[in-house]
$ cat structure02.pdb   # PDB, C-alpha atoms, pLDDT in the B column
ATOM      1  CA  MET H  20     -10.054   7.577 -48.236  1.00 34.00           C
ATOM      2  CA  SER H  21     -11.504   7.142 -44.746  1.00 42.00           C
ATOM      3  CA  LYS H  22     -10.560   4.172 -42.673  1.00 57.00           C
ATOM      4  CA  SER H  23     -13.351   1.641 -42.183  1.00 80.00           C
ATOM      5  CA  LYS H  24     -14.790   0.909 -38.767  1.00 89.00           C
ATOM      6  CA  GLY H  25     -13.236  -1.957 -36.834  1.00 94.00           C
ATOM      7  CA  LEU H  26     -14.834  -5.309 -36.041  1.00 95.00           C
ATOM      8  CA  LEU H  27     -16.490  -5.987 -32.699  1.00 96.00           C
ATOM      9  CA  ILE H  28     -15.498  -9.488 -31.574  1.00 97.00           C
ATOM     10  CA  VAL H  29     -17.073 -11.263 -28.601  1.00 96.00           C
ATOM     11  CA  TYR H  30     -14.750 -13.897 -27.162  1.00 95.00           C
ATOM     12  CA  ALA H  31     -15.911 -16.323 -24.461  1.00 93.00           C
ATOM     13  CA  GLY H  32     -15.443 -19.741 -22.946  1.00 91.00           C
ATOM     14  CA  ALA H  33     -15.513 -21.492 -19.599  1.00 83.00           C
ATOM     15  CA  SER H  34     -13.128 -20.436 -16.846  1.00 78.00           C
ATOM     16  CA  GLY H  35      -9.869 -22.399 -17.138  1.00 80.00           C
ATOM     17  CA  VAL H  36     -10.299 -23.222 -20.831  1.00 87.00           C
ATOM     18  CA  GLY H  37      -7.173 -21.245 -21.756  1.00 87.00           C
ATOM     19  CA  LYS H  38      -8.930 -18.223 -23.281  1.00 90.00           C
ATOM     20  CA  GLY H  39      -6.238 -15.840 -22.094  1.00 89.00           C
ATOM     21  CA  THR H  40      -3.367 -17.884 -23.495  1.00 92.00           C
ATOM     22  CA  VAL H  41      -4.994 -18.191 -26.923  1.00 96.00           C
ATOM     23  CA  LEU H  42      -6.062 -14.551 -27.001  1.00 96.00           C
ATOM     24  CA  LYS H  43      -2.552 -13.364 -26.104  1.00 95.00           C
ATOM     25  CA  LYS H  44      -1.220 -15.176 -29.174  1.00 97.00           C
ATOM     26  CA  VAL H  45      -3.963 -13.677 -31.374  1.00 97.00           C
ATOM     27  CA  LEU H  46      -3.255 -10.140 -30.139  1.00 96.00           C
ATOM     28  CA  GLU H  47       0.495 -10.561 -30.660  1.00 97.00           C
ATOM     29  CA  ALA H  48      -0.082 -11.677 -34.260  1.00 97.00           C
ATOM     30  CA  ASP H  49      -2.711  -9.069 -35.255  1.00 96.00           C
ATOM     31  CA  LYS H  50      -1.498  -5.528 -34.579  1.00 94.00           C
ATOM     32  CA  ASN H  51      -4.901  -4.065 -35.583  1.00 95.00           C
ATOM     33  CA  MET H  52      -6.693  -5.913 -32.781  1.00 96.00           C
ATOM     34  CA  ARG H  53      -7.167  -4.590 -29.254  1.00 96.00           C
ATOM     35  CA  LEU H  54      -8.535  -6.176 -26.108  1.00 94.00           C
ATOM     36  CA  SER H  55     -11.193  -4.184 -24.328  1.00 95.00           C
ATOM     37  CA  VAL H  56     -10.288  -3.849 -20.667  1.00 94.00           C
ATOM     38  CA  SER H  57     -13.271  -4.739 -18.487  1.00 92.00           C
ATOM     39  CA  ALA H  58     -14.146  -3.252 -15.133  1.00 94.00           C
ATOM     40  CA  THR H  59     -14.593  -5.607 -12.178  1.00 95.00           C
ATOM     41  CA  THR H  60     -15.314  -5.486  -8.485  1.00 96.00           C
ATOM     42  CA  ARG H  61     -13.186  -8.584  -7.801  1.00 94.00           C
ATOM     43  CA  LYS H  62      -9.817  -8.278  -6.116  1.00 91.00           C
ATOM     44  CA  PRO H  63      -6.705  -8.412  -8.318  1.00 92.00           C
ATOM     45  CA  ARG H  64      -4.863 -11.722  -8.585  1.00 88.00           C
ATOM     46  CA  CYS H  65      -1.112 -11.849  -8.086  1.00 89.00           C
ATOM     47  CA  GLY H  66       0.617  -9.970 -10.921  1.00 92.00           C
ATOM     48  CA  GLU H  67      -2.517  -8.245 -12.244  1.00 93.00           C
ATOM     49  CA  GLN H  68      -2.382  -4.478 -12.712  1.00 93.00           C
ATOM     50  CA  ASN H  69      -5.221  -1.983 -12.675  1.00 93.00           C
ATOM     51  CA  GLY H  70      -5.945  -0.863 -16.242  1.00 90.00           C
ATOM     52  CA  ARG H  71      -4.102  -3.782 -17.837  1.00 88.00           C
ATOM     53  CA  GLU H  72      -6.067  -6.959 -17.024  1.00 86.00           C
ATOM     54  CA  TYR H  73      -9.060  -5.106 -15.545  1.00 90.00           C
ATOM     55  CA  TYR H  74     -10.095  -1.801 -14.083  1.00 93.00           C
ATOM     56  CA  PHE H  75     -10.459  -2.865 -10.444  1.00 96.00           C
ATOM     57  CA  ILE H  76     -13.224  -0.673  -9.040  1.00 96.00           C
ATOM     58  CA  SER H  77     -15.507  -0.554  -6.014  1.00 95.00           C
ATOM     59  CA  GLU H  78     -19.141  -1.680  -5.956  1.00 95.00           C
ATOM     60  CA  SER H  79     -20.277   1.961  -5.808  1.00 95.00           C
ATOM     61  CA  GLU H  80     -18.123   2.935  -8.823  1.00 95.00           C
ATOM     62  CA  PHE H  81     -19.562  -0.016 -10.749  1.00 96.00           C
ATOM     63  CA  GLU H  82     -23.152   0.974  -9.886  1.00 95.00           C
ATOM     64  CA  LYS H  83     -22.458   4.551 -11.012  1.00 96.00           C
ATOM     65  CA  LEU H  84     -21.192   3.308 -14.404  1.00 94.00           C
ATOM     66  CA  LYS H  85     -24.354   1.191 -14.810  1.00 94.00           C
ATOM     67  CA  GLU H  86     -26.657   4.067 -13.862  1.00 95.00           C
ATOM     68  CA  ASN H  87     -24.939   6.421 -16.335  1.00 95.00           C
ATOM     69  CA  GLU H  88     -25.167   3.843 -19.163  1.00 92.00           C
ATOM     70  CA  GLY H  89     -21.391   3.749 -19.313  1.00 94.00           C
ATOM     71  CA  LEU H  90     -21.247  -0.022 -19.853  1.00 95.00           C
ATOM     72  CA  LEU H  91     -21.869  -1.986 -23.067  1.00 94.00           C
ATOM     73  CA  GLU H  92     -22.700  -5.034 -20.964  1.00 94.00           C
ATOM     74  CA  TYR H  93     -22.395  -6.178 -17.396  1.00 92.00           C
ATOM     75  CA  ALA H  94     -22.921  -9.288 -15.322  1.00 86.00           C
ATOM     76  CA  THR H  95     -22.274 -10.880 -11.966  1.00 85.00           C
ATOM     77  CA  TYR H  96     -19.982 -13.894 -12.024  1.00 76.00           C
ATOM     78  CA  CYS H  97     -18.940 -15.841  -8.922  1.00 76.00           C
ATOM     79  CA  ASN H  98     -20.145 -12.993  -6.649  1.00 88.00           C
ATOM     80  CA  ASN H  99     -18.222 -10.259  -8.497  1.00 92.00           C
ATOM     81  CA  ASN H 100     -19.448  -7.680 -11.010  1.00 93.00           C
ATOM     82  CA  TYR H 101     -17.870  -7.382 -14.441  1.00 91.00           C
ATOM     83  CA  GLY H 102     -18.642  -4.931 -17.231  1.00 94.00           C
ATOM     84  CA  THR H 103     -17.312  -3.429 -20.458  1.00 94.00           C
ATOM     85  CA  PRO H 104     -16.807   0.361 -20.402  1.00 94.00           C
ATOM     86  CA  LYS H 105     -18.488   1.775 -23.520  1.00 93.00           C
ATOM     87  CA  LYS H 106     -16.375   4.806 -24.478  1.00 91.00           C
ATOM     88  CA  PRO H 107     -12.979   3.094 -24.991  1.00 92.00           C
ATOM     89  CA  VAL H 108     -14.598   0.424 -27.210  1.00 95.00           C
ATOM     90  CA  TYR H 109     -16.391   2.994 -29.390  1.00 94.00           C
ATOM     91  CA  ASP H 110     -13.207   5.082 -29.689  1.00 95.00           C
ATOM     92  CA  MET H 111     -11.141   2.091 -30.872  1.00 96.00           C
ATOM     93  CA  LEU H 112     -13.806   0.921 -33.366  1.00 96.00           C
ATOM     94  CA  GLU H 113     -14.022   4.419 -34.867  1.00 95.00           C
ATOM     95  CA  LYS H 114     -10.233   4.372 -35.383  1.00 96.00           C
ATOM     96  CA  GLY H 115     -10.641   1.198 -37.451  1.00 95.00           C
ATOM     97  CA  LEU H 116      -9.253  -1.104 -34.774  1.00 96.00           C
ATOM     98  CA  ASP H 117     -10.828  -4.519 -34.181  1.00 96.00           C
ATOM     99  CA  VAL H 118     -11.934  -4.814 -30.550  1.00 97.00           C
ATOM    100  CA  VAL H 119     -12.172  -8.077 -28.615  1.00 96.00           C
ATOM    101  CA  LEU H 120     -14.561  -8.276 -25.673  1.00 95.00           C
ATOM    102  CA  GLU H 121     -13.502 -11.195 -23.472  1.00 90.00           C
ATOM    103  CA  ILE H 122     -16.748 -11.672 -21.569  1.00 87.00           C
ATOM    104  CA  GLU H 123     -19.010 -14.302 -20.061  1.00 83.00           C
ATOM    105  CA  ILE H 124     -22.362 -15.596 -21.309  1.00 86.00           C
ATOM    106  CA  ASN H 125     -24.676 -12.940 -19.830  1.00 86.00           C
ATOM    107  CA  GLY H 126     -22.497 -10.260 -21.386  1.00 88.00           C
ATOM    108  CA  PHE H 127     -22.480 -12.138 -24.702  1.00 92.00           C
ATOM    109  CA  LEU H 128     -26.290 -12.225 -24.738  1.00 92.00           C
ATOM    110  CA  GLN H 129     -26.467  -8.467 -24.069  1.00 92.00           C
ATOM    111  CA  ILE H 130     -23.922  -7.636 -26.789  1.00 94.00           C
ATOM    112  CA  LYS H 131     -25.476 -10.026 -29.352  1.00 92.00           C
ATOM    113  CA  ASP H 132     -28.858  -8.393 -28.746  1.00 91.00           C
ATOM    114  CA  LYS H 133     -27.513  -4.814 -29.139  1.00 90.00           C
ATOM    115  CA  TYR H 134     -24.938  -5.570 -31.880  1.00 91.00           C
ATOM    116  CA  PRO H 135     -26.163  -8.559 -33.938  1.00 91.00           C
ATOM    117  CA  GLU H 136     -23.395  -7.944 -36.500  1.00 91.00           C
ATOM    118  CA  CYS H 137     -20.644  -8.706 -33.968  1.00 95.00           C
ATOM    119  CA  ILE H 138     -18.434 -11.744 -34.475  1.00 96.00           C
ATOM    120  CA  THR H 139     -18.762 -14.299 -31.681  1.00 97.00           C
ATOM    121  CA  ILE H 140     -16.137 -16.919 -30.800  1.00 97.00           C
ATOM    122  CA  PHE H 141     -16.439 -19.571 -28.082  1.00 96.00           C
ATOM    123  CA  ILE H 142     -13.381 -21.469 -26.831  1.00 95.00           C
ATOM    124  CA  LEU H 143     -13.942 -25.129 -25.900  1.00 92.00           C
ATOM    125  CA  PRO H 144     -11.728 -27.319 -23.692  1.00 90.00           C
ATOM    126  CA  PRO H 145     -10.307 -30.579 -25.093  1.00 87.00           C
ATOM    127  CA  SER H 146     -12.219 -32.430 -22.344  1.00 86.00           C
ATOM    128  CA  TRP H 147     -13.999 -31.828 -19.059  1.00 86.00           C
ATOM    129  CA  GLU H 148     -11.155 -33.577 -17.178  1.00 85.00           C
ATOM    130  CA  ILE H 149      -8.545 -31.263 -18.678  1.00 84.00           C
ATOM    131  CA  LEU H 150     -10.661 -28.216 -17.801  1.00 83.00           C
ATOM    132  CA  GLU H 151     -10.939 -29.378 -14.181  1.00 82.00           C
ATOM    133  CA  LYS H 152      -7.190 -30.061 -14.022  1.00 83.00           C
ATOM    134  CA  ARG H 153      -6.372 -26.592 -15.417  1.00 79.00           C
ATOM    135  CA  LEU H 154      -8.604 -24.864 -12.875  1.00 78.00           C
ATOM    136  CA  LYS H 155      -7.126 -26.781  -9.953  1.00 78.00           C
ATOM    137  CA  GLY H 156      -3.596 -26.298 -11.293  1.00 76.00           C
ATOM    138  CA  ARG H 157      -3.841 -22.489 -11.258  1.00 74.00           C
ATOM    139  CA  GLY H 158      -3.762 -22.537  -7.476  1.00 70.00           C
ATOM    140  CA  THR H 159      -5.558 -19.174  -7.336  1.00 72.00           C
ATOM    141  CA  GLU H 160      -8.946 -20.281  -5.980  1.00 74.00           C
ATOM    142  CA  SER H 161     -10.278 -22.269  -3.050  1.00 81.00           C
ATOM    143  CA  ASP H 162     -11.965 -25.656  -3.558  1.00 83.00           C
ATOM    144  CA  GLU H 163     -15.318 -23.898  -3.121  1.00 86.00           C
ATOM    145  CA  GLU H 164     -14.445 -21.320  -5.814  1.00 82.00           C
ATOM    146  CA  ILE H 165     -13.236 -24.064  -8.169  1.00 82.00           C
ATOM    147  CA  LYS H 166     -16.511 -25.954  -7.689  1.00 85.00           C
ATOM    148  CA  ALA H 167     -18.467 -22.736  -8.440  1.00 83.00           C
ATOM    149  CA  ARG H 168     -16.402 -22.170 -11.600  1.00 81.00           C
ATOM    150  CA  LEU H 169     -16.912 -25.773 -12.746  1.00 85.00           C
ATOM    151  CA  ASP H 170     -20.672 -25.521 -12.136  1.00 86.00           C
ATOM    152  CA  ARG H 171     -20.723 -22.280 -14.099  1.00 83.00           C
ATOM    153  CA  ALA H 172     -18.600 -23.841 -16.878  1.00 85.00           C
ATOM    154  CA  LYS H 173     -21.279 -26.499 -17.447  1.00 87.00           C
ATOM    155  CA  GLU H 174     -23.892 -23.754 -17.845  1.00 86.00           C
ATOM    156  CA  GLU H 175     -21.655 -21.712 -20.154  1.00 87.00           C
ATOM    157  CA  MET H 176     -20.845 -24.603 -22.471  1.00 88.00           C
ATOM    158  CA  GLU H 177     -24.568 -25.071 -23.112  1.00 89.00           C
ATOM    159  CA  PHE H 178     -24.452 -21.704 -24.960  1.00 92.00           C
ATOM    160  CA  ALA H 179     -21.575 -22.636 -27.276  1.00 92.00           C
ATOM    161  CA  ASN H 180     -23.906 -23.313 -30.215  1.00 93.00           C
ATOM    162  CA  LYS H 181     -25.221 -19.730 -30.051  1.00 95.00           C
ATOM    163  CA  PHE H 182     -21.788 -18.437 -31.100  1.00 96.00           C
ATOM    164  CA  ASN H 183     -20.750 -17.918 -34.739  1.00 96.00           C
ATOM    165  CA  TYR H 184     -17.563 -19.932 -34.223  1.00 97.00           C
ATOM    166  CA  LYS H 185     -16.473 -22.643 -31.772  1.00 96.00           C
ATOM    167  CA  ILE H 186     -12.728 -23.177 -31.396  1.00 96.00           C
ATOM    168  CA  LEU H 187     -11.273 -26.220 -29.653  1.00 94.00           C
ATOM    169  CA  ASN H 188      -8.300 -25.273 -27.479  1.00 94.00           C
ATOM    170  CA  ASP H 189      -6.365 -28.516 -27.729  1.00 93.00           C
ATOM    171  CA  ASP H 190      -3.284 -26.525 -28.788  1.00 95.00           C
ATOM    172  CA  ALA H 191      -3.030 -22.769 -28.137  1.00 95.00           C
ATOM    173  CA  ASP H 192      -1.050 -21.994 -31.309  1.00 97.00           C
ATOM    174  CA  ARG H 193      -3.474 -23.918 -33.519  1.00 97.00           C
ATOM    175  CA  ALA H 194      -6.499 -22.294 -31.835  1.00 97.00           C
ATOM    176  CA  ALA H 195      -4.986 -18.808 -32.239  1.00 97.00           C
ATOM    177  CA  ASN H 196      -4.244 -19.439 -35.928  1.00 97.00           C
ATOM    178  CA  GLU H 197      -7.822 -20.604 -36.470  1.00 97.00           C
ATOM    179  CA  ILE H 198      -9.145 -17.374 -34.936  1.00 97.00           C
ATOM    180  CA  LEU H 199      -6.780 -15.254 -37.037  1.00 97.00           C
ATOM    181  CA  SER H 200      -7.924 -17.086 -40.159  1.00 97.00           C
ATOM    182  CA  ILE H 201     -11.594 -16.436 -39.307  1.00 96.00           C
ATOM    183  CA  ILE H 202     -10.978 -12.703 -38.752  1.00 95.00           C
ATOM    184  CA  ASN H 203      -8.927 -12.366 -41.949  1.00 94.00           C
ATOM    185  CA  ASN H 204     -11.636 -14.147 -43.984  1.00 94.00           C
ATOM    186  CA  ILE H 205     -14.307 -11.811 -42.593  1.00 93.00           C
ATOM    187  CA  LYS H 206     -12.202  -8.737 -43.407  1.00 89.00           C
ATOM    188  CA  ASN H 207     -11.465  -9.982 -46.933  1.00 86.00           C
ATOM    189  CA  ASN H 208     -15.157 -10.677 -47.550  1.00 86.00           C
ATOM    190  CA  ASN H 209     -16.097  -7.163 -46.328  1.00 78.00           C
ATOM    191  CA  LYS H 210     -13.788  -5.402 -48.799  1.00 68.00           C
TER     192      LYS H 210
END

$ encode --input "structure02.pdb" --output "structure tokens"
Amino acid sequence: MSKSKGLLIVYAGASGVGKGTVLKKVLEADKNMRLSVSATTRKPRCGEQNGREYYFISESEFEKLKENEGLLEYATYCNNNYGTPKKPVYDMLEKGLDVVLEIEINGFLQIKDKYPECITIFILPPSWEILEKRLKGRGTESDEEIKARLDRAKEEMEFANKFNYKILNDDADRAANEILSIINNIKNNNK
């Protein structure tokens, strides 16, 4: 019996909403799920490693990937380019692994257009005040960068209703369990 193809899952939410924390818990609990590693032209943050959080590449390398149709989606966010390399995602899906694309809204729109069957999940903050506090508390961006991320967050949250599922991140464990439940229900209904 051949193994069935994996699920393509688009995962998004405003910067600072706690997407990474929730997703880490989901990935630890579901051994059949993999996170697609995106390529970016932004500089690594403290502790980030090339090939783990992102593939940190130059502007020219990014343009070459775009020209050769090597990206599933791509976008510019806060003056940096981000994109999802196509081949690793296709390889994992063919192996029956579920693949999570943690991307922003422009990428979501591109993926949803090309792959309407994908599962889309948007993470919401408990409140705007908590989102602002989380962003400032990271201590990784200047006041100007924080303002840009907050402005962008307002725009992003307007798209939440276009996603299949909206998950409130008021508690990371609860949010992760809700996502796992959604994925398991989809798999059980596809059997």

$ resolve_selection --input "structure02.pdb" --expression "the PyMOL selection byres ((chain H and resi 100) around 10)" --output "number ranges by chain"
H: 58-61, 76-78, 81-82, 93-99, 101-102

$ residues_around --input "structure02.pdb" --residues "range 144-151 of chain H" --least-positions-apart "4" --cutoff "7 Å" --atoms "all atoms listed in the file" --output "PyMOL selection string"
chain H and resi 35-36+155+187-189

$ write_last_selection --input "structure02.pdb" --atoms "C-alpha atoms" --output "CSV table (one decimal), in the frame of the given file"
chain,number,residue,atom,x,y,z
H,35,GLY,CA,-9.9,-22.4,-17.1
H,36,VAL,CA,-10.3,-23.2,-20.8
H,155,LYS,CA,-7.1,-26.8,-10.0
H,187,LEU,CA,-11.3,-26.2,-29.7
H,188,ASN,CA,-8.3,-25.3,-27.5
H,189,ASP,CA,-6.4,-28.5,-27.7

$ closest_residue --input "structure02.pdb" --among "H:Gly37, H:Cys65, H:Ile201, H:Ser79" --to "Gly158 in chain H" --atoms "only C-alpha atoms"
H:Cys65

$ closest_residue --input "structure02.pdb" --among "H:Glu67, H:Lys105, H:Asn180, H:Asn196" --to "Ile130 in chain H" --atoms "all atoms listed in the file"
H:Lys105

$ closest_residue --input "structure02.pdb" --among "H:Glu123, H:Leu91, H:Arg64, H:Ala191" --to "Arg157 in chain H" --atoms "only C-alpha atoms"
H:Arg64

$ closest_residue --input "structure02.pdb" --among "H:Met176, H:Val108, H:Leu27, H:Ala48" --to "Lys206 in chain H" --atoms "all atoms listed in the file"
H:Leu27

$ atom_distance --input "structure02.pdb" --atom1 "CA of Ser161 in chain H" --atom2 "CA of Ala33 in chain H"
17.4 Å

$ closest_residue --input "structure02.pdb" --among "H:Glu47, H:Met52, H:Glu113, H:Ile138" --to "Ile205 in chain H" --atoms "all atoms listed in the file"
H:Ile138

$ closest_residue --input "structure02.pdb" --among "H:Ser55, H:Thr103, H:Asn209, H:Asn203" --to "Gly126 in chain H" --atoms "all atoms listed in the file"
H:Thr103

$ resolve_selection --input "structure02.pdb" --expression "the PyMOL selection byres ((chain H and resi 195) around 7)" --output "ChimeraX atom specification"
/H:41-42,44-45,191-194,196-199

$ residues_around --input "structure02.pdb" --residues "Asp110 in chain H" --least-positions-apart "5" --cutoff "12 Å" --atoms "all atoms listed in the file" --output "list in words"
Lys24, Gly25, Leu27, Arg53, Ser55, Pro104, Lys105, Gly115, Leu116, Asp117 and Val118 of chain H

$ atom_distance --input "structure02.pdb" --atom1 "CA of Asp170 in chain H" --atom2 "CA of Gly70 in chain H"
29.0 Å

$ atom_distance --input "structure02.pdb" --atom1 "CA of Glu92 in chain H" --atom2 "CA of Leu26 in chain H"
17.0 Å

$ residues_around --input "structure02.pdb" --residues "Leu54 in chain H" --least-positions-apart "6" --cutoff "10 Å" --atoms "all atoms listed in the file" --output "number ranges by chain"
H: 28, 30, 42-43, 46, 71-72, 108, 111, 117-121

$ residues_around --input "structure02.pdb" --residues "Asn183 in chain H" --least-positions-apart "2" --cutoff "12 Å" --atoms "all atoms listed in the file" --output "PDB file with C-alpha atoms, in the coordinates of the input"
ATOM      1  CA  ILE H  28     -15.498  -9.488 -31.574  1.00 97.00           C
ATOM      2  CA  VAL H  29     -17.073 -11.263 -28.601  1.00 96.00           C
ATOM      3  CA  TYR H  30     -14.750 -13.897 -27.162  1.00 95.00           C
ATOM      4  CA  ALA H  31     -15.911 -16.323 -24.461  1.00 93.00           C
ATOM      5  CA  PHE H 127     -22.480 -12.138 -24.702  1.00 92.00           C
ATOM      6  CA  LYS H 131     -25.476 -10.026 -29.352  1.00 92.00           C
ATOM      7  CA  PRO H 135     -26.163  -8.559 -33.938  1.00 91.00           C
ATOM      8  CA  GLU H 136     -23.395  -7.944 -36.500  1.00 91.00           C
ATOM      9  CA  CYS H 137     -20.644  -8.706 -33.968  1.00 95.00           C
ATOM     10  CA  ILE H 138     -18.434 -11.744 -34.475  1.00 96.00           C
ATOM     11  CA  THR H 139     -18.762 -14.299 -31.681  1.00 97.00           C
ATOM     12  CA  ILE H 140     -16.137 -16.919 -30.800  1.00 97.00           C
ATOM     13  CA  PHE H 141     -16.439 -19.571 -28.082  1.00 96.00           C
ATOM     14  CA  ILE H 142     -13.381 -21.469 -26.831  1.00 95.00           C
ATOM     15  CA  PHE H 178     -24.452 -21.704 -24.960  1.00 92.00           C
ATOM     16  CA  ALA H 179     -21.575 -22.636 -27.276  1.00 92.00           C
ATOM     17  CA  ASN H 180     -23.906 -23.313 -30.215  1.00 93.00           C
ATOM     18  CA  LYS H 181     -25.221 -19.730 -30.051  1.00 95.00           C
ATOM     19  CA  LYS H 185     -16.473 -22.643 -31.772  1.00 96.00           C
ATOM     20  CA  ILE H 186     -12.728 -23.177 -31.396  1.00 96.00           C
ATOM     21  CA  ILE H 198      -9.145 -17.374 -34.936  1.00 97.00           C
ATOM     22  CA  ILE H 201     -11.594 -16.436 -39.307  1.00 96.00           C
ATOM     23  CA  ILE H 202     -10.978 -12.703 -38.752  1.00 95.00           C
ATOM     24  CA  ILE H 205     -14.307 -11.811 -42.593  1.00 93.00           C
TER      25      ILE H 205
END

$ axis_aligned_box --input "structure02.pdb" --around "range 118-132 of chain H" --padding-each-side "4 Å" --output "AutoDock Vina command-line options"
--center_x -20.4 --center_y -10.2 --center_z -25.2 --size_x 24.9 --size_y 18.8 --size_z 18.7

$ decode --input "structure02.pdb" --residues "range 119-183 of chain H" --atoms "C-alpha atoms" --output "tab-separated table (two decimals), in the first residue's frame"
chain	number	residue	atom	x	y	z
H	119	VAL	CA	3.72	23.75	7.53
H	120	LEU	CA	4.48	26.98	5.70
H	121	GLU	CA	4.87	29.75	8.29
H	122	ILE	CA	4.36	32.73	6.00
H	123	GLU	CA	2.86	36.20	5.84
H	124	ILE	CA	-0.31	37.37	4.09
H	125	ASN	CA	1.07	37.95	0.57
H	126	GLY	CA	2.53	34.45	0.64
H	127	PHE	CA	-0.76	33.05	1.94
H	128	LEU	CA	-2.65	34.64	-0.97
H	129	GLN	CA	-0.20	33.15	-3.49
H	130	ILE	CA	-0.38	29.66	-1.94
H	131	LYS	CA	-4.20	29.74	-1.56
H	132	ASP	CA	-4.49	30.67	-5.24
H	133	LYS	CA	-2.13	27.88	-6.43
H	134	TYR	CA	-3.20	25.23	-3.86
H	135	PRO	CA	-6.84	25.87	-2.87
H	136	GLU	CA	-6.93	22.53	-1.02
H	137	CYS	CA	-4.32	23.66	1.52
H	138	ILE	CA	-5.29	24.05	5.16
H	139	THR	CA	-4.96	27.62	6.42
H	140	ILE	CA	-4.56	28.61	10.07
H	141	PHE	CA	-4.31	32.17	11.41
H	142	ILE	CA	-3.06	32.87	14.94
H	143	LEU	CA	-4.71	35.78	16.77
H	144	PRO	CA	-3.37	37.68	19.80
H	145	PRO	CA	-5.45	37.86	22.99
H	146	SER	CA	-5.51	41.66	22.58
H	147	TRP	CA	-3.78	44.46	20.71
H	148	GLU	CA	-2.11	45.62	23.96
H	149	ILE	CA	-0.61	42.19	24.58
H	150	LEU	CA	0.67	42.03	21.00
H	151	GLU	CA	2.36	45.42	21.39
H	152	LYS	CA	3.88	44.37	24.73
H	153	ARG	CA	5.24	41.12	23.23
H	154	LEU	CA	6.87	42.95	20.33
H	155	LYS	CA	8.51	45.52	22.59
H	156	GLY	CA	9.54	42.83	25.07
H	157	ARG	CA	11.56	40.87	22.49
H	158	GLY	CA	14.15	43.63	22.46
H	159	THR	CA	15.25	42.63	18.94
H	160	GLU	CA	13.95	45.61	16.96
H	161	SER	CA	14.22	49.38	17.08
H	162	ASP	CA	11.19	51.56	17.91
H	163	GLU	CA	10.87	52.29	14.18
H	164	GLU	CA	10.87	48.56	13.33
H	165	ILE	CA	8.32	47.85	16.07
H	166	LYS	CA	6.04	50.57	14.69
H	167	ALA	CA	6.38	49.07	11.18
H	168	ARG	CA	5.52	45.61	12.53
H	169	LEU	CA	2.50	46.95	14.44
H	170	ASP	CA	1.27	48.80	11.33
H	171	ARG	CA	1.70	45.62	9.32
H	172	ALA	CA	-0.06	43.57	12.05
H	173	LYS	CA	-3.19	45.71	11.65
H	174	GLU	CA	-3.19	44.99	7.91
H	175	GLU	CA	-2.57	41.27	8.44
H	176	MET	CA	-5.37	40.83	10.96
H	177	GLU	CA	-7.84	42.14	8.38
H	178	PHE	CA	-7.18	38.91	6.42
H	179	ALA	CA	-7.91	36.55	9.32
H	180	ASN	CA	-11.40	35.73	8.02
H	181	LYS	CA	-9.93	34.43	4.75
H	182	PHE	CA	-8.29	31.55	6.64
H	183	ASN	CA	-10.00	28.18	7.24
